[in-house]
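What follows is a short report on a single structure.
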There are 2 protein chains.
Amino acid sequence: MDMSRGSRRVRLEDVAARVGMSPASVSMVLSNAPGPSAATRERVLAAAAELGYRPDRTASLLARRRTHLVGVLMEVGSAFHAELVEDLHEAAEGRGYDVVLSAVTRTRDERRAIETLVDFRCEALVLLGPVAPAAQLAQLGRQLPVVVIGRRVSADGVDVVRTADADGVGQVVDHLAGLGHRAIAYVDGGRGPIAADRRHGYRTAMRRHRLGDHAQVIAGDHTEAAGARAARALLGEGGLPTAVVAFNDHCALGVLDVFNRAGVDVPGKISVVGYDDSTLSRLASVNLTTVSQDARRQAEHAVAAAVERLDDGRSAAREVVLAPRLVVRGTTGPPTPGTA
Amino acid sequence: MDMSRGSRRVRLEDVAARVGMSPASVSMVLSNAPGPSAATRERVLAAAAELGYRPDRTASLLARRRTHLVGVLMEVGSAFHAELVEDLHEAAEGRGYDVVLSAVTRTRDERRAIETLVDFRCEALVLLGPVAPAAQLAQLGRQLPVVVIGRRVSADGVDVVRTADADGVGQVVDHLAGLGHRAIAYVDGGRGPIAADRRHGYRTAMRRHRLGDHAQVIAGDHTEAAGARAARALLGEGGLPTAVVAFNDHCALGVLDVFNRAGVDVPGKISVVGYDDSTLSRLASVNLTTVSQDARRQAEHAVAAAVERLDDGRSAAREVVLAPRLVVRGTTGPPTPGTA
DNA sequence: CGCTTGATTTGAAGCGCTTCAAATCGTACT
DNA sequence: AGTACGATTTGAAGCGCTTCAAATCAAGCG
């Protein structure tokens, strides 16, 4: 009766019936497997097109041993993740894999997002800056290949692709110190291991420049709101530093916001630096000095790592550490003489 | 041998064996279906937890009639879409549906992204600002419930949730005209129907204010790059308007970029307005006057529309048009006296 | 006690597609 | 003509889970 909707999805069997062959043959043609003759291929393909046949992915996944699916955990709303996702798609497709996205949102925590991915039978997982403890990731890594992007993880069975964060922040401090800054504050990124690395890089670099006494870490997080809070705290306590290094671009944006609203000139009165070189930072109205993580290369490495485990049977854990690159834009400059 | 990886995923059958019952019973317990006794439920649940059982989603989807999956097509990188996705997740979960994301990227066009969703057996699709022609969407709507967000579509079988775009742009022009602007230019959003609506709204509003002669539409798109290009064109030809209305926030950001770099004071010399009230526009360093689309309500309506078709059997197409709301921030002000 | 009832549990048939051993077909060769 | 052999095609067994009619059970009643 219901001719309007559905009217039964076209199945493999229907195509088979159309050309008078067995479903087996049709399946082989469609999956481009060896066997069927050229003539058969042609007829089947024609019939499939004619009927508008679309294989049912779930059935296919269930029957096939391999799913060729890579699950990606991301934070929707993060500009940097968005870039990574684009590049991951590209890298995965180049190697014959498909990508399934799962987003962490306000009401959907990391655990759930990851479970969804596993439930969909992803063969490997690429996690963008996960916050789960190493033990949990290791546990996950025992089930399937897991590649963590961005964060250091000391769990074997888990591959890691990241940039040398401590070094990145170090470059930032070098840059600022080189401009003559001494009072360089750092807005922290919260509890995660990425934050720990960057914080450590900051402290080390400050010491290296004999600026240890000026080191000042302000509590923060990786959101605009946290950056704004930190900036307000800074403003409140007087004795403003001459430069603020933020955990990431989003956070730096929050800092900039508050300074802008408060009429604090950047970089005249104070310099601000972010981290990620996200599209946000590149906007001329923001024009933030930051550190580039090279999303494309990280994506490439991540997919390569997953595929090597899947297809080449590699089993030893691997860690790829890329060199970060300072990108100097408009939010940094020499300190105002009489301030520090 | 391979005890390390996999060691066979735990199946429903394993749980059943563990408690000495049939897979059927276990299945019912796990899906919370009526039948099994309280005692049984408890035992099964305990065993499942103990074995760390996770149902195989693909198998489950295949066997079940319903998948309870809503596919969402989005543009990764669009701040507004990111917001919508968050809200869609929330709305869907509230009604017992799960969300699958599919992103349009540089190398993955809309068609492919949609196909992926259908292949995963989504029961309904929510498309965020799709560019496909109406006929194609109608065709899709014949297969399954489709809700288009943001854009007007005259295909029945397809529900639409959008804001009155023409009206939104109208409010912008009203605002600017009220401030005294006369030379108000508009940066277009390309070929899509959303762009057509807004462009039309602009033209109508200009005429309404007897400013038809000042109407000026500059070719554009929905990216920062396009906005930048348009702004450069404007700068190049001299006779700058006193206000520029951009297709959306991303585009407006590009416009702002160029003006900032060129040292054109905003809003002193020229006012700029965007559209979407995306998180970007809210950043104090951007602080863009724009039009709010109320992502949350759109998400709510979209999910409601899909669920009504799915669960309540509604079949008549529906269009929900929400009222847009002008959000005045810092990029608009009265025109400089001697300019227009 | 035998029998009815309602509560539980289970066997068996798929969901739509893949796989692979076995069957079929043509053809080349002796 | 008879046999062997490579090229094609197909039957049948699942993949792991759900469903539902039929079976089983325990309790309740006359």
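All residue names refer to the structure tokens as shown: chains lettered A, B, ... in order, residues numbered from 1 in each chain, ligands numbered from 1 in order.
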| query | Out of segment 15-160 of chain A, which residues get helix (DSSP H, G or I) from DSSP, as number ranges by chain? | reply | A: 15-19, 23-30, 38-51, 57-63, 79-94, 110-119, 134-143
| task | Find the residues of chain B in contact range of chain A, meaning any atom within 8 Å when counting only C-alpha atoms, and list them as a ChimeraX atom specification. | result | /B:4-6,54-59,61-62,76-77,79,82-83,85-86,89-90,100-102,105-107,119-121,142-144,253-254,256-258,260-261,283-286
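Of the listed residues (A:Val146, A:Ile270, A:Val172, A:Val307), A:Val172 comes nearest to Phe247 of chain A; the distances count only C-alpha atoms.
Any residue of chain B with an atom no more than 9 Å from chain C counts as a contact; using only C-alpha atoms (C1' of nucleotides), that gives Met21, Ser22, Pro23, Ala24, Ser25, Gly35, Pro36, Ser37, Ala59, Leu61, Leu62, Ala63, Arg64 and Arg65 of chain B.
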Which residues of chain D sit at most 7 Å from chain A, using only C-alpha atoms (C1' of nucleotides)? Give each one's shortest atom pair and distance in Å (one decimal place), in chain and ascending residue order, as a Markdown table.
| residue | atom | partner | partner_atom | distance |
| --- | --- | --- | --- | --- |
| D:DT8 | C1' | A:Pro36 | CA | 6.3 |
| D:DT9 | C1' | A:Ser25 | CA | 6.8 |
| D:DT10 | C1' | A:Ser22 | CA | 6.3 |
| D:DC15 | C1' | A:Ala63 | CA | 4.5 |
What would the file look like if the residues just selected were written as a compact mmCIF listing (two decimals), in the first residue's frame with C-alpha atoms (C1' of nucleotides)?
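Generated output (out_0.txt):
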# COMPACT_ATOMS: atom_id res chain seq x y z
C1' DT D 8 32.65 -18.84 -13.84
C1' DT D 9 28.83 -19.41 -11.10
C1' DT D 10 26.29 -20.92 -7.19
C1' DC D 15 28.00 -12.60 10.81
| request: With a distance cut-off of 12 Å and only C-alpha atoms (C1' of nucleotides), select the neighbouring residues of Val169 of chain B, excluding the residue or stretch itself and same-chain residues fewer than 4 positions from it, and output the selection as a VMD selection string. | output: chain B and resid 163 to 165 173 to 176 184 to 188 194 to 206 244 to 248 273 to 276 289 to 293 323 to 327
Next, the residues of the selection above should be written as a compact mmCIF listing (two decimals), in the first residue's frame with C-alpha atoms.
# COMPACT_ATOMS: atom_id res chain seq x y z
CA THR B 163 14.49 31.23 10.18
CA ALA B 164 12.88 33.91 8.09
CA ASP B 165 16.11 34.85 6.40
CA VAL B 173 19.02 46.91 6.99
CA ASP B 174 16.44 48.54 9.26
CA HIS B 175 19.04 48.80 11.97
CA LEU B 176 21.61 50.34 9.66
CA ILE B 184 24.68 49.73 2.46
CA ALA B 185 26.38 47.02 0.44
CA TYR B 186 25.67 43.32 0.61
CA VAL B 187 28.20 40.51 0.19
CA ASP B 188 26.42 37.62 -1.40
CA ILE B 194 19.76 30.41 1.52
CA ALA B 195 21.84 32.99 -0.24
CA ALA B 196 18.98 33.76 -2.60
CA ASP B 197 16.66 34.39 0.31
CA ARG B 198 18.98 36.71 2.12
CA ARG B 199 19.88 38.57 -1.04
CA HIS B 200 16.22 39.04 -1.73
CA GLY B 201 15.64 40.24 1.80
CA TYR B 202 18.37 42.77 1.33
CA ARG B 203 16.99 44.12 -1.92
CA THR B 204 13.48 44.34 -0.58
CA ALA B 205 14.56 46.13 2.57
CA MET B 206 16.66 48.59 0.63
CA VAL B 244 28.53 46.10 4.60
CA VAL B 245 26.12 43.30 5.31
CA ALA B 246 27.64 39.87 4.83
CA PHE B 247 25.92 36.62 4.03
CA ASN B 248 27.09 35.01 7.26
CA VAL B 273 27.18 42.88 9.95
CA GLY B 274 27.17 39.11 9.79
CA TYR B 275 24.56 36.40 10.13
CA ASP B 276 24.25 33.39 12.46
CA THR B 289 26.73 42.62 15.01
CA THR B 290 24.81 39.72 13.56
CA VAL B 291 21.50 37.86 13.42
CA SER B 292 20.70 35.08 15.83
CA GLN B 293 19.19 31.89 14.49
CA ALA B 323 11.82 34.58 13.72
CA PRO B 324 15.41 35.73 13.51
CA ARG B 325 16.66 38.23 16.04
CA LEU B 326 19.10 41.03 15.42
CA VAL B 327 22.01 41.03 17.84
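Every residue of segment 10-126 of chain A with a DSSP assignment of strand (DSSP E), taken from the backbone, is listed as Leu69, Val70, Gly71, Val72, Leu73, Met74, Glu75, Asp98, Val99, Val100, Leu101, Ser102, Ala103, Val104, Ala124, Leu125 and Val126 of chain A.
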| task | Calculate how many Å separate atom CA of Asp156 of chain B from atom CA of Cys122 of chain B, rounding to one decimal. | result | 19.9 Å
| said: Quick one: residues within 10 Å of Arg43 of chain B, only C-alpha atoms (C1' of nucleotides), excluding same-chain residues fewer than 5 positions away - as a ChimeraX atom specification? | reply: /B:18-19,26,29,38,48-49
C-alpha atoms of the current selection, written as a CSV table (one decimal), in the first residue's frame:
chain,number,residue,atom,x,y,z
B,18,ARG,CA,27.4,-17.7,31.2
B,19,VAL,CA,24.0,-17.6,32.9
B,26,VAL,CA,19.4,-12.3,27.3
B,29,VAL,CA,16.8,-8.3,29.1
B,38,ALA,CA,13.3,-9.6,37.8
B,48,ALA,CA,27.0,-9.0,31.0
B,49,ALA,CA,28.8,-6.5,33.1
